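Trainee: Structure incoming, see below.
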Amino acid sequence: MDPFLVLLHSVSAGLSSSDLTQLKFLCRNRVSKRKLELAQSGLDLFAVLLEQNELSAGHTVLLRELLGALRREDLLRRLDDFERGAAGAAAPEERDLRAAMEIICDNVGKDWKRLARHLRVSDVKIEAIEEKYPRNLAEQVRELLRVWKTSSREDAAVSRLVGALRGCQLNVVADLIEEDQRAQARQSGGADPGSLTAWDSGAS
């Protein structure tokens with residue numbers, strides 16, 4: 001079975017009846033009243049979201065938002081595991097980007113709003129992130145990167161992250177990313193990515 005469908009089955013099996021009721025309420029502006037009434041399980045609801053292209057293996061933002069609203073950290077961990085597995089099967093550029101984002105999550109901390117502004121994330125979105133995770137700094141950073149990646153689409157690249165980090169004087173984190181990129185390049189026998197990121201990080 002498709003790994004993403006396996007994940008959805010697992011999440012659905014872990015939902016209580018009250019969780020399902022809350023999920024339906026959260027989806028009231030996305031799913032018609034009739035379809036919500038017919039949904040007898042989380043899987044039924046996910047099937048509708050899949051049909052409407054609101055949810056896919058490559059677009060899990062909504063699922064993360066829903067599970068976050070339920071405060072189901074156990075189910076969020078399953079989603080994290082799926083995304084890490086997907087990263088392992090992704091193209092090298094996508095793997096590099098995910099690795100860079102993990103380094104930022106582990107090292108940026110309270111400076112995330114400075115980074116957000118250098119990534120051109122609006123103040124409105126920054127406030128929304130703070131409201132969504134008011135007392136969870138790690139999730140604020142992770143959500144920032146998800147928002148940036150989703151809005152940047154094809155333009156989301158490691159070089160842009162490194163440039164933004166250097167722009168707000170977070171040079172140690174930028175160095176960690178470039179060191180990781182070089183290590184990955186050596187393992188795969190590819191070119192040194194430092195020569196690629198230098199152009200962007202040195203730009204005004």
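We name chains A, B, ... following the order of the structure tokens; residues begin at 1 in each chain, and ligands are numbered from 1 as shown.
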Residues within 8 Å of region 130-138 of chain A, please, as a ChimeraX atom specification. Count only C-alpha atoms; anything in the same chain fewer than 5 positions from it doesn't count.
Mentor: /A:105-106,109-110
Trainee: Among region 30-101 of chain A, which ones does DSSP place in helix (DSSP H, G or I), written as a PyMOL selection string?
Mentor: chain A and resi 33-38+42-51+61-70+73-89+92-101
Trainee: May I have the residues within 10 Å of Ser152 (chain A) as a short mmCIF file (atom, residue, chain, number, x, y, z; two decimals) with all heavy atoms, in the first residue's frame, using only C-alpha atoms and disregarding those fewer than 6 positions away in the same chain?
Mentor:
data_model
loop_
_atom_site.label_atom_id
_atom_site.label_comp_id
_atom_site.auth_asym_id
_atom_site.auth_seq_id
_atom_site.Cartn_x
_atom_site.Cartn_y
_atom_site.Cartn_z
N LEU A 119 13.55 35.97 5.21
CA LEU A 119 12.95 35.05 4.23
C LEU A 119 11.69 35.66 3.61
O LEU A 119 11.00 35.00 2.84
CB LEU A 119 12.61 33.72 4.90
CG LEU A 119 13.80 32.83 5.28
CD1 LEU A 119 13.33 31.65 6.12
CD2 LEU A 119 14.54 32.35 4.03
N ARG A 120 11.41 36.91 3.98
CA ARG A 120 10.26 37.67 3.45
C ARG A 120 8.92 37.04 3.81
O ARG A 120 7.97 37.07 3.03
CB ARG A 120 10.39 37.84 1.93
CG ARG A 120 11.64 38.63 1.55
CD ARG A 120 11.75 38.89 0.08
NE ARG A 120 12.96 39.64 -0.22
CZ ARG A 120 13.34 39.97 -1.45
NH1 ARG A 120 12.61 39.62 -2.48
NH2 ARG A 120 14.45 40.66 -1.64
N VAL A 121 8.87 36.47 5.01
CA VAL A 121 7.60 36.01 5.56
C VAL A 121 6.94 37.21 6.22
O VAL A 121 7.57 37.93 7.00
CB VAL A 121 7.82 34.87 6.58
CG1 VAL A 121 6.51 34.49 7.26
CG2 VAL A 121 8.45 33.66 5.91
N ARG A 146 7.96 25.60 7.29
CA ARG A 146 6.89 25.00 6.48
C ARG A 146 6.17 26.09 5.67
O ARG A 146 5.88 25.91 4.49
CB ARG A 146 5.90 24.25 7.37
CG ARG A 146 6.39 22.90 7.83
CD ARG A 146 5.26 22.07 8.41
NE ARG A 146 4.81 22.57 9.69
CZ ARG A 146 5.23 22.12 10.87
NH1 ARG A 146 6.14 21.18 10.93
NH2 ARG A 146 4.76 22.61 11.99
#
Trainee: May I have the residues within 12 Å of Glu94 (chain A) as a PyMOL selection string, using only C-alpha atoms and disregarding those fewer than 6 positions away in the same chain?
Mentor: chain A and resi 58+83-84+86-88+100-101+149+153-158
Trainee: Rank A:Gln181, A:Gln169, A:Ser17, A:Ser12 by their smallest atom-to-atom distance to Arg78 (chain A), using only C-alpha atoms, and report the top residue only.
Mentor: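 Smallest separation from Arg78 (chain A) among the options: A:Ser12.
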Trainee: CA of Arg182 (chain A) and CA of Leu165 (chain A), how far apart in Å?
Mentor: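 Computing it gives 17.6 Å between the two atoms.
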Trainee: Pick the closest to Gly163 (chain A) from A:Gln52, A:Thr150, A:Lys113, A:Glu178: which is it, counting only C-alpha atoms?
Mentor: A:Glu178
Trainee: Find the spatial neighbours of Leu45 (chain A), counting only C-alpha atoms, within a cut-off of 9 Å - ignore same-chain residues fewer than 6 positions away - and output them as a ChimeraX atom specification.
Mentor: /A:20,23-24,27,31,35-36,38-39
Trainee: Got time to write the residues from that selection, N, CA and C atoms, as a PDB file, in the first residue's frame?
Mentor:
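Once written, again.pdb looks like this:
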ATOM      1  N   LEU A  20     -12.623  13.043  16.122  1.00  0.00           N
ATOM      2  CA  LEU A  20     -13.286  13.094  14.818  1.00  0.00           C
ATOM      3  C   LEU A  20     -14.280  14.251  14.758  1.00  0.00           C
ATOM      4  N   LEU A  23     -12.308  17.369  14.319  1.00  0.00           N
ATOM      5  CA  LEU A  23     -11.768  17.451  12.951  1.00  0.00           C
ATOM      6  C   LEU A  23     -12.832  17.932  11.972  1.00  0.00           C
ATOM      7  N   LYS A  24     -14.032  17.401  12.113  1.00  0.00           N
ATOM      8  CA  LYS A  24     -15.129  17.828  11.231  1.00  0.00           C
ATOM      9  C   LYS A  24     -15.400  19.322  11.397  1.00  0.00           C
ATOM     10  N   CYS A  27     -12.826  21.365   9.678  1.00  0.00           N
ATOM     11  CA  CYS A  27     -12.889  21.277   8.209  1.00  0.00           C
ATOM     12  C   CYS A  27     -14.189  21.842   7.637  1.00  0.00           C
ATOM     13  N   VAL A  31     -14.990  21.409   3.631  1.00  0.00           N
ATOM     14  CA  VAL A  31     -15.781  20.248   3.206  1.00  0.00           C
ATOM     15  C   VAL A  31     -17.264  20.566   3.377  1.00  0.00           C
ATOM     16  N   LYS A  35     -21.008  16.056   3.142  1.00  0.00           N
ATOM     17  CA  LYS A  35     -19.873  15.130   3.202  1.00  0.00           C
ATOM     18  C   LYS A  35     -19.373  14.959   4.633  1.00  0.00           C
ATOM     19  N   LEU A  36     -19.441  16.022   5.415  1.00  0.00           N
ATOM     20  CA  LEU A  36     -19.040  15.909   6.818  1.00  0.00           C
ATOM     21  C   LEU A  36     -19.974  14.979   7.574  1.00  0.00           C
ATOM     22  N   LEU A  38     -21.557  12.491   6.340  1.00  0.00           N
ATOM     23  CA  LEU A  38     -21.342  11.117   5.878  1.00  0.00           C
ATOM     24  C   LEU A  38     -20.042  10.518   6.403  1.00  0.00           C
ATOM     25  N   ALA A  39     -19.114  11.356   6.812  1.00  0.00           N
ATOM     26  CA  ALA A  39     -17.812  10.870   7.294  1.00  0.00           C
ATOM     27  C   ALA A  39     -17.972  10.200   8.655  1.00  0.00           C
TER      28      ALA A  39
END
Trainee: Which of these, A:Pro3, A:Gly167, A:Gly68, A:Gly14, has the shortest distance to Leu26 (chain A) once you count only C-alpha atoms?
Mentor: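 Checking each of A:Pro3, A:Gly167, A:Gly68, A:Gly14 against Leu26 (chain A), counting only C-alpha atoms, the winner is A:Gly68.
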Trainee: Find the residue from A:Leu176, A:Ile103, A:Val6, A:Leu144 that sits nearest to Ala57 (chain A); use only C-alpha atoms when measuring.
Mentor: A:Val6
